[in-house]
Structure formats: C-alpha cells, structure tokens
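K.L.:
Sending over a structure as structure tokens; questions will come in a sec.
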Amino acid sequence: EKPNNLKVWETATGRLLAAFPQRNIKRDVWPYLQWTYDESAAVLLATSEVRIYPAANLLATNNEDPTSVRYDGKLRIQNIASFSIPRSSDPNVPFLLTSFVPGTKDKPARAGLYKFLPGGNTEPDTKPLLSKSLFQAEDMKVHWSPAGDAALLTLQTAVDTSGQSYYGSSQLFMLRHGESDVVAVPLPQEGPVLDVAWLPDAAKPPCFVVVAGKMPSLASLHHGKSGKASFVF
C-alpha cells in the first residue's frame, strides 16, 4: 500500500495539483476520479462516499501541499464500489452520476442515479433520483446518452444460475432523469448483452442499439425514452 498514490497533474506546467490515498485499485473501476463534462469539478470515489472537488480548489496556486486540497461537497452512498458521470451533457440537464453497490449474502446489489451540485450545495444525505435492486449483478457498465440525461446499465454475472449460458447472465436497464421508474430494456431474444451504443447526435430523438442474445446474436434499435425495440436487424 502506498499513501497518496492517486495523483492529479497539470499537463501544461507539470505541477502536481493533488494527491489522494486509494487502496485496492481495480481496472474495471478506473478512473477513481472523474471530471464533469464542463471541467468545473472533479468527483472522487472514497470509502462509502463520493467527494466533489471544485476545479478552482485543485488549480489554486497556493496549494503547497497537494494532499490538503479540500472538497466542498459529498454524497454518502454506503459501500459504493464504482460510479460514473457523463462526458457530455445538455446545459439544461443537472449534474448526474450513477452508483453501484455490490450485493451481499443478505442484500441484493443496487444501482442509483443521483443529482449533485458543485459549489458546496450538495447535501451528503441526498436521496437518489432513481434506484434499482439488482439480484443478479456482479459488475455494472454504464453507457451515457450524449445529452447526459440517461444512462444504460449493463449488468453481468460470471455464472448463470439457470444453467442456460456458459458465459454468465446479463441484464440491461435504463435510468433517465425526469422519469419516476427504472426501465428494464426488453430485448428481442434471451442471452448475453454484448454491446450497447447511443445515437451520438444529441440534437436528434434519442435512440440506442443493442447487440444481444445467443449466437447468432441480434442487433436491435431501441427508443431512447421507453426502451422499447423499434427495429430488429
């Protein structure tokens, strides 16, 4: 274990801006620190919480000790293992993030969609806008819409308890800002979810493509709000 082994550098000058301790770094959780789409703040995964650092705090020229950079807000999410924030967003959409809490013997895994406010206005005990209990989920991958207002969650287990697949089981859900329910995306055939991609143009009606199912797999085009398939290739 190395203290303060996660470091933030300013590429223009080579100056070390901040350093944080991070234990048990895992490739599938990286990056542990993510920037908002407008680079106004950075969000750091910590133990049972995410911390929000304004860019101004990181870039302050009087930071002689890179380990002393202060965060101005946080969200408490017990046992959070990973999070994701969109890399692009509509300016009218609030800052959002998804969280993943692994399951235990007594509790299922849980995914959540949260709103946060850079600038010291985030309450630590903010409740999720949407949440979903996940009974078959060991790993979660997040695919954000280009407008930054919806996230597709691909959930994976290493073992399919039904015995139907050697490659484990997978599910696909959609969490959309402004909606009251999580959408379980219906797929044209059963089987693993192999890939997901949004239409990249945010100016057009939202839609996404899914490749899923047992071989031969099917590709299907889905409505970006209802999640329903509109065409099967």
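As shown in the structure tokens, the chain order sets the letters A, B, ...; within each chain, residues go from 1, and ligands are also counted from 1 in the order they appear.
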Do a neighbour search on range 92-106 of chain A at 7 Å with only C-alpha atoms, toss out local chain neighbours closer than 5 positions, and write the hits as JSON, numbers by chain.
P.N.:
{"A": [79, 80, 81, 82, 83, 84, 85, 111, 112, 113, 114, 115, 116, 117, 138, 149]}
K.L.:
List every residue of chain A that DSSP, applied to the backbone, labels as strand (DSSP E or B), and write the result as a ChimeraX atom specification.
P.N.:
/A:6-10,15-20,33-35,41-46,49-54,73-76,82-84,95-101,109-116,130-134,139-144,150-157,169-176,183-184,193-198,207-212,218-223,229-232
K.L.:
Which polymer residues have any atom within 10 Å of an atom of Asp38 in chain A, counting only C-alpha atoms, with same-chain residues fewer than 5 positions away left out, as a PDB file with N, CA, C and O atoms, in the first residue's frame?
P.N.:
```pdb
ATOM      1  N   ARG A  87     -19.704  12.249 -19.920  1.00  0.00           N
ATOM      2  CA  ARG A  87     -18.617  13.033 -20.504  1.00  0.00           C
ATOM      3  C   ARG A  87     -19.133  14.180 -21.363  1.00  0.00           C
ATOM      4  O   ARG A  87     -18.360  15.042 -21.787  1.00  0.00           O
ATOM      5  N   SER A  88     -20.419  14.163 -21.654  1.00  0.00           N
ATOM      6  CA  SER A  88     -21.047  15.267 -22.375  1.00  0.00           C
ATOM      7  C   SER A  88     -22.422  15.470 -21.766  1.00  0.00           C
ATOM      8  O   SER A  88     -22.968  14.575 -21.121  1.00  0.00           O
ATOM      9  N   SER A  89     -22.983  16.661 -21.974  1.00  0.00           N
ATOM     10  CA  SER A  89     -24.287  16.918 -21.378  1.00  0.00           C
ATOM     11  C   SER A  89     -24.928  18.138 -22.001  1.00  0.00           C
ATOM     12  O   SER A  89     -24.243  19.054 -22.470  1.00  0.00           O
ATOM     13  N   PRO A  91     -26.634  21.594 -21.441  1.00  0.00           N
ATOM     14  CA  PRO A  91     -26.517  22.568 -20.337  1.00  0.00           C
ATOM     15  C   PRO A  91     -27.759  22.662 -19.468  1.00  0.00           C
ATOM     16  O   PRO A  91     -27.681  23.106 -18.316  1.00  0.00           O
TER      17      PRO A  91
END
```
K.L.:
Looking at A:Pro186, A:Pro21, A:Pro128, A:Pro86, which one is nearest to Ser226 in chain A, with distances taken over only C-alpha atoms?
P.N.:
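Checking each candidate against Ser226 in chain A, we get A:Pro186 as the closest.
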K.L.:
Run DSSP on the backbone and give me the residues of range 22-223 of chain A it puts in alpha helix (DSSP H), as a ChimeraX atom specification.
P.N.:
/A:55-59
K.L.:
What is the distance, in Å and to one decimal place, between CA of Phe233 in chain A and CA of Leu218 in chain A?
P.N.:
6.6 Å
K.L.:
Excluding same-chain residues fewer than 2 positions from Pro205 in chain A, what lies within 12 Å of it counting only C-alpha atoms, as a ChimeraX atom specification?
P.N.:
/A:145-147,198-203,207-208,222-226
K.L.:
Based on the selection just made, write C-alpha atoms of those residues as a PDB file, in the first residue's frame.
P.N.:
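Dumped to again01.pdb:
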```
ATOM      1  CA  SER A 145     -26.624   9.295 -23.590  1.00  0.00           C
ATOM      2  CA  PRO A 146     -24.958  12.175 -25.497  1.00  0.00           C
ATOM      3  CA  ALA A 147     -27.274  14.642 -23.701  1.00  0.00           C
ATOM      4  CA  TRP A 198     -26.329   5.516 -28.234  1.00  0.00           C
ATOM      5  CA  LEU A 199     -27.015   7.594 -31.322  1.00  0.00           C
ATOM      6  CA  PRO A 200     -24.203  10.168 -30.876  1.00  0.00           C
ATOM      7  CA  ASP A 201     -26.154  13.201 -32.148  1.00  0.00           C
ATOM      8  CA  ALA A 202     -27.941  14.753 -29.152  1.00  0.00           C
ATOM      9  CA  ALA A 203     -29.950  17.024 -31.476  1.00  0.00           C
ATOM     10  CA  CYS A 207     -32.217   6.038 -29.503  1.00  0.00           C
ATOM     11  CA  PHE A 208     -29.703   3.277 -28.963  1.00  0.00           C
ATOM     12  CA  HIS A 222     -34.500   0.988 -29.237  1.00  0.00           C
ATOM     13  CA  HIS A 223     -36.440   4.123 -28.365  1.00  0.00           C
ATOM     14  CA  GLY A 224     -34.315   6.308 -26.103  1.00  0.00           C
ATOM     15  CA  LYS A 225     -37.130   7.074 -23.647  1.00  0.00           C
ATOM     16  CA  SER A 226     -39.331   3.983 -23.475  1.00  0.00           C
TER      17      SER A 226
END
```
K.L.:
From the set A:Leu45, A:Leu129, A:Leu194, A:Ala137, which residue has the shortest atom-to-atom contact distance to Arg110 in chain A, counting only C-alpha atoms?
P.N.:
A:Ala137
K.L.:
Please provide the set of residues having any atom within 7 Å of Gln34 in chain A, restricted to only C-alpha atoms, with same-chain residues fewer than 6 positions apart removed, written as a list in words.
P.N.:
Ala42, Val43 and Leu44 of chain A
K.L.:
Hey, which of A:Leu172, A:Thr122, A:Asp65, A:Val8 ends up closest to Ile52 in chain A? Count only C-alpha atoms.
P.N.:
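For Ile52 in chain A, the nearest of the candidates is A:Thr122.
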K.L.:
Set the distance at 10 Å and use only C-alpha atoms: which residues neighbour Leu58 in chain A once local chain neighbours fewer than 5 positions away are removed? I'd like the list as a compact mmCIF listing (two decimals) with C-alpha atoms, in the first residue's frame.
P.N.:
```txt
# COMPACT_ATOMS: atom_id res chain seq x y z
CA VAL A 8 -3.63 14.80 -10.35
CA TRP A 9 -1.16 16.71 -12.54
CA GLU A 10 -1.50 19.90 -14.57
CA LEU A 16 1.30 18.25 -9.01
CA LEU A 17 -2.14 19.55 -8.04
CA ALA A 18 -3.48 16.92 -5.68
CA ALA A 41 -15.41 19.98 -10.79
CA ALA A 42 -13.83 16.58 -10.22
CA TYR A 53 -13.72 18.98 -5.70
CA ASN A 63 -1.53 24.65 -2.77
CA PRO A 66 -1.14 18.51 -2.70
CA SER A 68 -4.50 19.19 1.59
CA VAL A 69 -6.90 20.04 -1.27
CA ARG A 70 -10.41 20.41 0.15
CA TYR A 71 -13.65 19.12 -1.30
```
K.L.:
So which residues touch Gly119 in chain A within 8 Å, counting only C-alpha atoms, skipping near sequence neighbours fewer than 5 positions away, as a list in words?
P.N.:
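Listing them by chain and then by number gives Pro54, Asp72 and Gly73 of chain A.
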